[in-house]
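Data file: coords.cif. Format and content: mmCIF, C-alpha atoms.
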```cif
data_coords
loop_
_atom_site.label_atom_id
_atom_site.label_comp_id
_atom_site.auth_asym_id
_atom_site.auth_seq_id
_atom_site.Cartn_x
_atom_site.Cartn_y
_atom_site.Cartn_z
CA GLN X 1 -19.56 -77.93 -51.76
CA ASN X 2 -18.58 -78.05 -55.44
CA ILE X 3 -21.87 -79.70 -56.39
CA LEU X 4 -23.86 -77.01 -54.57
CA ARG X 5 -21.65 -74.06 -55.52
CA ASP X 6 -24.52 -72.20 -57.23
CA GLU X 7 -26.72 -72.41 -54.13
CA GLU X 8 -26.77 -69.91 -51.29
CA ILE X 9 -25.15 -72.20 -48.74
CA VAL X 10 -22.43 -71.52 -46.21
CA PHE X 11 -20.20 -74.45 -45.32
CA LEU X 12 -18.52 -73.92 -41.97
CA LEU X 13 -15.88 -76.27 -40.63
CA ALA X 14 -15.70 -76.07 -36.85
CA SER X 15 -12.94 -77.69 -34.86
CA ASN X 16 -11.88 -77.90 -31.24
CA GLU X 17 -8.22 -77.99 -32.29
CA SER X 18 -5.83 -75.09 -31.83
CA ILE X 19 -5.85 -72.16 -34.25
CA GLU X 20 -2.44 -73.30 -35.49
CA GLU X 21 -3.77 -76.80 -36.29
CA ILE X 22 -6.82 -75.36 -38.04
CA ASP X 23 -4.65 -72.99 -40.09
CA GLY X 24 -2.29 -75.84 -40.98
CA PHE X 25 -5.21 -77.96 -42.19
CA ARG X 26 -6.67 -75.03 -44.15
CA ILE X 27 -3.34 -74.37 -45.86
CA LYS X 28 -2.71 -78.06 -46.62
CA HIS X 29 -6.16 -78.68 -48.14
CA ASP X 30 -7.82 -76.74 -50.93
CA TYR X 31 -11.28 -76.66 -49.39
CA LYS X 32 -13.34 -73.48 -49.73
CA PHE X 33 -14.87 -73.78 -46.26
CA ASP X 34 -15.03 -71.05 -43.70
CA TYR X 35 -13.26 -72.20 -40.55
CA THR X 36 -13.95 -71.54 -36.89
CA ARG X 37 -12.70 -72.81 -33.57
CA ILE X 38 -15.13 -73.98 -30.88
CA GLU X 39 -14.32 -74.18 -27.21
CA ASN X 40 -17.73 -75.11 -25.86
CA SER X 41 -18.71 -78.31 -27.66
CA GLU X 42 -20.47 -79.60 -24.54
CA ASP X 43 -22.60 -76.44 -24.34
CA LEU X 44 -23.54 -76.96 -27.99
CA ASP X 45 -24.49 -80.60 -27.25
CA ILE X 46 -21.85 -81.94 -29.63
CA GLN X 47 -21.29 -85.56 -28.62
CA ALA X 48 -18.73 -86.50 -31.29
CA LEU X 49 -16.60 -85.02 -34.03
CA PRO X 50 -17.41 -84.80 -36.79
CA THR X 51 -20.98 -83.71 -36.25
CA THR X 52 -23.06 -82.15 -39.01
CA PHE X 53 -25.65 -79.46 -38.45
CA ILE X 54 -27.77 -78.14 -41.30
CA PHE X 55 -29.81 -75.03 -40.69
CA SER X 56 -32.75 -73.87 -42.79
CA PRO X 57 -32.60 -70.48 -44.51
CA GLU X 58 -34.66 -69.18 -41.56
CA GLY X 59 -31.92 -70.26 -39.14
CA ASN X 60 -33.71 -73.28 -37.66
CA LEU X 61 -31.82 -76.49 -37.01
CA ALA X 62 -33.18 -78.87 -39.65
CA PHE X 63 -30.69 -81.75 -39.44
CA SER X 64 -28.14 -82.99 -36.94
CA GLU X 65 -26.02 -86.12 -37.05
CA PRO X 66 -22.80 -87.22 -35.36
CA GLY X 67 -20.21 -89.10 -37.40
CA GLY X 68 -19.00 -88.99 -40.95
CA ARG X 69 -21.12 -89.18 -44.07
CA LYS X 70 -20.42 -89.19 -47.82
CA TRP X 71 -21.91 -85.78 -48.50
CA ASP X 72 -21.46 -85.89 -52.29
CA ASP X 73 -23.80 -88.90 -52.49
CA ALA X 74 -26.97 -88.10 -54.49
CA GLY X 75 -29.25 -88.87 -51.54
CA ASN X 76 -27.35 -86.48 -49.30
CA ILE X 77 -27.37 -83.71 -51.91
CA LYS X 78 -31.14 -84.23 -52.17
CA LEU X 79 -31.42 -83.90 -48.38
CA ILE X 80 -29.54 -80.59 -48.42
CA ARG X 81 -31.62 -79.27 -51.30
CA GLU X 82 -34.85 -80.25 -49.54
CA ILE X 83 -33.76 -78.34 -46.46
CA ILE X 84 -32.86 -75.21 -48.44
CA LYS X 85 -35.89 -75.67 -50.73
CA THR X 86 -34.14 -75.60 -54.12
CA LYS X 87 -34.17 -77.93 -57.11
#
```
Go through the file and emit its structure as structure tokens.
Amino acid sequence: QNILRDEEIVFLLASNESIEEIDGFRIKHDYKFDYTRIENSEDLDIQALPTTFIFSPEGNLAFSEPGGRKWDDAGNIKLIREIIKTK
């Protein structure tokens, strides 16, 4: 998020944990994410947590992957920039 701070990107952290657990995590960590709670992960076809979804500026699902990933890696930053069409 820090690397892409000048881009028009929304980072949303979704969790199936309780609101209290989400708030505790948010307070404990200095991340600038927006947070939300999901109750219907099966309806959203989420097979594992974490799962990453990246949507294009038009709102189309452009990338989906279950599991963790080192998102500050240069190749992953390039992937995000290709999806949002910036340099």
>> Take the PyMOL selection byres ((chain X and resi 32-36) around 10), run it mentally on this structure, and tell me the resulting residues as a PyMOL selection string.
In response: chain X and resi 1-2+10-17+19+22-23+26+29-31+37-38
Find the smallest box with edges along x, y and z containing every listed atom of region 76-84 of chain X, then add 8 Å on each side and report centre and edge lengths in Å to one decimal, as JSON.
```
{"center_x": -31.1, "center_y": -80.8, "center_z": -49.3, "size_x": 23.5, "size_y": 27.3, "size_z": 21.7}
```
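Reported to one decimal place, the separation of CA of Glu65 (chain X) from CA of Leu49 (chain X) is 10.0 Å.
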>> Which residues are close to Arg69 (chain X), i.e. within 10 Å by all atoms listed in the file, leaving aside same-chain residues fewer than 6 positions away? Reply as number ranges by chain.
In response: X: 50-52, 76
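CA of Ile83 (chain X) sits 10.4 Å away from CA of Glu58 (chain X).
The nearest approach to Lys85 (chain X) among the residues X:Asp43, X:Phe63, X:Glu8, X:Ala48, with all atoms listed in the file taken into account, belongs to X:Glu8.
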>> For a test of reading the model, state the distance in Å between CA of Ile46 (chain X) and CA of Phe25 (chain X), rounded to one decimal.
In response: 21.2 Å
From (-27.0, -85.4, -48.2), in the file's coordinates, out to 12 Å: which residues are reached, counting only C-alpha atoms? Answer as a short mmCIF file (atom, residue, chain, number, x, y, z; two decimals) with C-alpha atoms, keeping the file's coordinate frame.
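Heads up, here's the output in part19.cif:
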```cif
data_model
loop_
_atom_site.label_atom_id
_atom_site.label_comp_id
_atom_site.auth_asym_id
_atom_site.auth_seq_id
_atom_site.Cartn_x
_atom_site.Cartn_y
_atom_site.Cartn_z
CA GLN X 1 -19.56 -77.93 -51.76
CA ILE X 3 -21.87 -79.70 -56.39
CA LEU X 4 -23.86 -77.01 -54.57
CA THR X 52 -23.06 -82.15 -39.01
CA PHE X 53 -25.65 -79.46 -38.45
CA ILE X 54 -27.77 -78.14 -41.30
CA PHE X 63 -30.69 -81.75 -39.44
CA SER X 64 -28.14 -82.99 -36.94
CA GLU X 65 -26.02 -86.12 -37.05
CA GLY X 68 -19.00 -88.99 -40.95
CA ARG X 69 -21.12 -89.18 -44.07
CA LYS X 70 -20.42 -89.19 -47.82
CA TRP X 71 -21.91 -85.78 -48.50
CA ASP X 72 -21.46 -85.89 -52.29
CA ASP X 73 -23.80 -88.90 -52.49
CA ALA X 74 -26.97 -88.10 -54.49
CA GLY X 75 -29.25 -88.87 -51.54
CA ASN X 76 -27.35 -86.48 -49.30
CA ILE X 77 -27.37 -83.71 -51.91
CA LYS X 78 -31.14 -84.23 -52.17
CA LEU X 79 -31.42 -83.90 -48.38
CA ILE X 80 -29.54 -80.59 -48.42
CA ARG X 81 -31.62 -79.27 -51.30
CA GLU X 82 -34.85 -80.25 -49.54
CA ILE X 83 -33.76 -78.34 -46.46
CA ILE X 84 -32.86 -75.21 -48.44
#
```
Reconstructed region 5-16 of chain X, atom set all heavy atoms, as a PDB file, in the coordinates of the input:
```pdb
ATOM      1  N   ARG X   5     -22.300 -75.369 -55.462  1.00  0.00           N
ATOM      2  CA  ARG X   5     -21.650 -74.060 -55.520  1.00  0.00           C
ATOM      3  C   ARG X   5     -22.564 -72.930 -56.004  1.00  0.00           C
ATOM      4  O   ARG X   5     -22.324 -71.776 -55.693  1.00  0.00           O
ATOM      5  CB  ARG X   5     -20.388 -74.122 -56.372  1.00  0.00           C
ATOM      6  CG  ARG X   5     -20.637 -74.346 -57.843  1.00  0.00           C
ATOM      7  CD  ARG X   5     -19.333 -74.439 -58.630  1.00  0.00           C
ATOM      8  NE  ARG X   5     -19.562 -75.022 -59.930  1.00  0.00           N
ATOM      9  CZ  ARG X   5     -19.495 -76.309 -60.213  1.00  0.00           C
ATOM     10  NH1 ARG X   5     -19.184 -77.161 -59.264  1.00  0.00           N
ATOM     11  NH2 ARG X   5     -19.724 -76.762 -61.404  1.00  0.00           N
ATOM     12  N   ASP X   6     -23.606 -73.246 -56.746  1.00  0.00           N
ATOM     13  CA  ASP X   6     -24.520 -72.200 -57.230  1.00  0.00           C
ATOM     14  C   ASP X   6     -25.644 -71.901 -56.247  1.00  0.00           C
ATOM     15  O   ASP X   6     -26.471 -71.029 -56.507  1.00  0.00           O
ATOM     16  CB  ASP X   6     -25.103 -72.606 -58.586  1.00  0.00           C
ATOM     17  CG  ASP X   6     -24.033 -72.684 -59.672  1.00  0.00           C
ATOM     18  OD1 ASP X   6     -23.036 -71.932 -59.577  1.00  0.00           O
ATOM     19  OD2 ASP X   6     -24.174 -73.504 -60.595  1.00  0.00           O
ATOM     20  N   GLU X   7     -25.689 -72.613 -55.147  1.00  0.00           N
ATOM     21  CA  GLU X   7     -26.720 -72.410 -54.130  1.00  0.00           C
ATOM     22  C   GLU X   7     -26.211 -71.414 -53.071  1.00  0.00           C
ATOM     23  O   GLU X   7     -25.016 -71.234 -52.909  1.00  0.00           O
ATOM     24  CB  GLU X   7     -27.059 -73.733 -53.440  1.00  0.00           C
ATOM     25  CG  GLU X   7     -27.398 -74.865 -54.371  1.00  0.00           C
ATOM     26  CD  GLU X   7     -28.694 -74.671 -55.136  1.00  0.00           C
ATOM     27  OE1 GLU X   7     -29.501 -73.809 -54.746  1.00  0.00           O
ATOM     28  OE2 GLU X   7     -28.896 -75.385 -56.127  1.00  0.00           O
ATOM     29  N   GLU X   8     -27.137 -70.809 -52.378  1.00  0.00           N
ATOM     30  CA  GLU X   8     -26.770 -69.910 -51.290  1.00  0.00           C
ATOM     31  C   GLU X   8     -26.619 -70.716 -50.009  1.00  0.00           C
ATOM     32  O   GLU X   8     -27.527 -70.783 -49.190  1.00  0.00           O
ATOM     33  CB  GLU X   8     -27.826 -68.815 -51.128  1.00  0.00           C
ATOM     34  CG  GLU X   8     -27.831 -67.834 -52.269  1.00  0.00           C
ATOM     35  CD  GLU X   8     -28.763 -66.673 -52.007  1.00  0.00           C
ATOM     36  OE1 GLU X   8     -28.772 -66.149 -50.879  1.00  0.00           O
ATOM     37  OE2 GLU X   8     -29.488 -66.311 -52.942  1.00  0.00           O
ATOM     38  N   ILE X   9     -25.448 -71.344 -49.872  1.00  0.00           N
ATOM     39  CA  ILE X   9     -25.150 -72.200 -48.740  1.00  0.00           C
ATOM     40  C   ILE X   9     -23.798 -71.796 -48.176  1.00  0.00           C
ATOM     41  O   ILE X   9     -22.863 -71.534 -48.932  1.00  0.00           O
ATOM     42  CB  ILE X   9     -25.103 -73.689 -49.149  1.00  0.00           C
ATOM     43  CG1 ILE X   9     -26.438 -74.143 -49.716  1.00  0.00           C
ATOM     44  CG2 ILE X   9     -24.691 -74.552 -47.976  1.00  0.00           C
ATOM     45  CD1 ILE X   9     -26.415 -75.555 -50.250  1.00  0.00           C
ATOM     46  N   VAL X  10     -23.711 -71.758 -46.871  1.00  0.00           N
ATOM     47  CA  VAL X  10     -22.430 -71.520 -46.210  1.00  0.00           C
ATOM     48  C   VAL X  10     -21.987 -72.832 -45.583  1.00  0.00           C
ATOM     49  O   VAL X  10     -22.736 -73.438 -44.816  1.00  0.00           O
ATOM     50  CB  VAL X  10     -22.560 -70.434 -45.112  1.00  0.00           C
ATOM     51  CG1 VAL X  10     -21.259 -70.301 -44.336  1.00  0.00           C
ATOM     52  CG2 VAL X  10     -22.981 -69.106 -45.722  1.00  0.00           C
ATOM     53  N   PHE X  11     -20.796 -73.274 -45.930  1.00  0.00           N
ATOM     54  CA  PHE X  11     -20.200 -74.450 -45.320  1.00  0.00           C
ATOM     55  C   PHE X  11     -19.200 -73.952 -44.290  1.00  0.00           C
ATOM     56  O   PHE X  11     -18.295 -73.191 -44.610  1.00  0.00           O
ATOM     57  CB  PHE X  11     -19.486 -75.310 -46.361  1.00  0.00           C
ATOM     58  CG  PHE X  11     -20.427 -75.971 -47.332  1.00  0.00           C
ATOM     59  CD1 PHE X  11     -20.809 -75.345 -48.499  1.00  0.00           C
ATOM     60  CD2 PHE X  11     -20.934 -77.232 -47.059  1.00  0.00           C
ATOM     61  CE1 PHE X  11     -21.672 -75.951 -49.384  1.00  0.00           C
ATOM     62  CE2 PHE X  11     -21.804 -77.851 -47.941  1.00  0.00           C
ATOM     63  CZ  PHE X  11     -22.177 -77.205 -49.103  1.00  0.00           C
ATOM     64  N   LEU X  12     -19.377 -74.365 -43.064  1.00  0.00           N
ATOM     65  CA  LEU X  12     -18.520 -73.920 -41.970  1.00  0.00           C
ATOM     66  C   LEU X  12     -17.896 -75.136 -41.313  1.00  0.00           C
ATOM     67  O   LEU X  12     -18.609 -76.038 -40.864  1.00  0.00           O
ATOM     68  CB  LEU X  12     -19.356 -73.142 -40.945  1.00  0.00           C
ATOM     69  CG  LEU X  12     -18.626 -72.618 -39.728  1.00  0.00           C
ATOM     70  CD1 LEU X  12     -17.575 -71.585 -40.124  1.00  0.00           C
ATOM     71  CD2 LEU X  12     -19.628 -72.008 -38.755  1.00  0.00           C
ATOM     72  N   LEU X  13     -16.581 -75.179 -41.281  1.00  0.00           N
ATOM     73  CA  LEU X  13     -15.880 -76.270 -40.630  1.00  0.00           C
ATOM     74  C   LEU X  13     -15.471 -75.780 -39.248  1.00  0.00           C
ATOM     75  O   LEU X  13     -14.720 -74.822 -39.116  1.00  0.00           O
ATOM     76  CB  LEU X  13     -14.645 -76.666 -41.432  1.00  0.00           C
ATOM     77  CG  LEU X  13     -13.968 -77.925 -40.923  1.00  0.00           C
ATOM     78  CD1 LEU X  13     -13.550 -78.793 -42.093  1.00  0.00           C
ATOM     79  CD2 LEU X  13     -12.790 -77.597 -40.054  1.00  0.00           C
ATOM     80  N   ALA X  14     -16.009 -76.421 -38.235  1.00  0.00           N
ATOM     81  CA  ALA X  14     -15.700 -76.070 -36.850  1.00  0.00           C
ATOM     82  C   ALA X  14     -14.835 -77.156 -36.240  1.00  0.00           C
ATOM     83  O   ALA X  14     -15.066 -78.340 -36.461  1.00  0.00           O
ATOM     84  CB  ALA X  14     -16.981 -75.891 -36.055  1.00  0.00           C
ATOM     85  N   SER X  15     -13.845 -76.741 -35.474  1.00  0.00           N
ATOM     86  CA  SER X  15     -12.940 -77.690 -34.860  1.00  0.00           C
ATOM     87  C   SER X  15     -12.622 -77.248 -33.441  1.00  0.00           C
ATOM     88  O   SER X  15     -12.639 -76.062 -33.134  1.00  0.00           O
ATOM     89  CB  SER X  15     -11.640 -77.775 -35.670  1.00  0.00           C
ATOM     90  OG  SER X  15     -10.699 -78.598 -35.019  1.00  0.00           O
ATOM     91  N   ASN X  16     -12.299 -78.222 -32.601  1.00  0.00           N
ATOM     92  CA  ASN X  16     -11.880 -77.900 -31.240  1.00  0.00           C
ATOM     93  C   ASN X  16     -10.351 -77.909 -31.138  1.00  0.00           C
ATOM     94  O   ASN X  16      -9.805 -77.801 -30.058  1.00  0.00           O
ATOM     95  CB  ASN X  16     -12.500 -78.867 -30.235  1.00  0.00           C
ATOM     96  CG  ASN X  16     -12.080 -80.300 -30.461  1.00  0.00           C
ATOM     97  OD1 ASN X  16     -11.463 -80.638 -31.464  1.00  0.00           O
ATOM     98  ND2 ASN X  16     -12.443 -81.170 -29.526  1.00  0.00           N
TER      99      ASN X  16
END
```
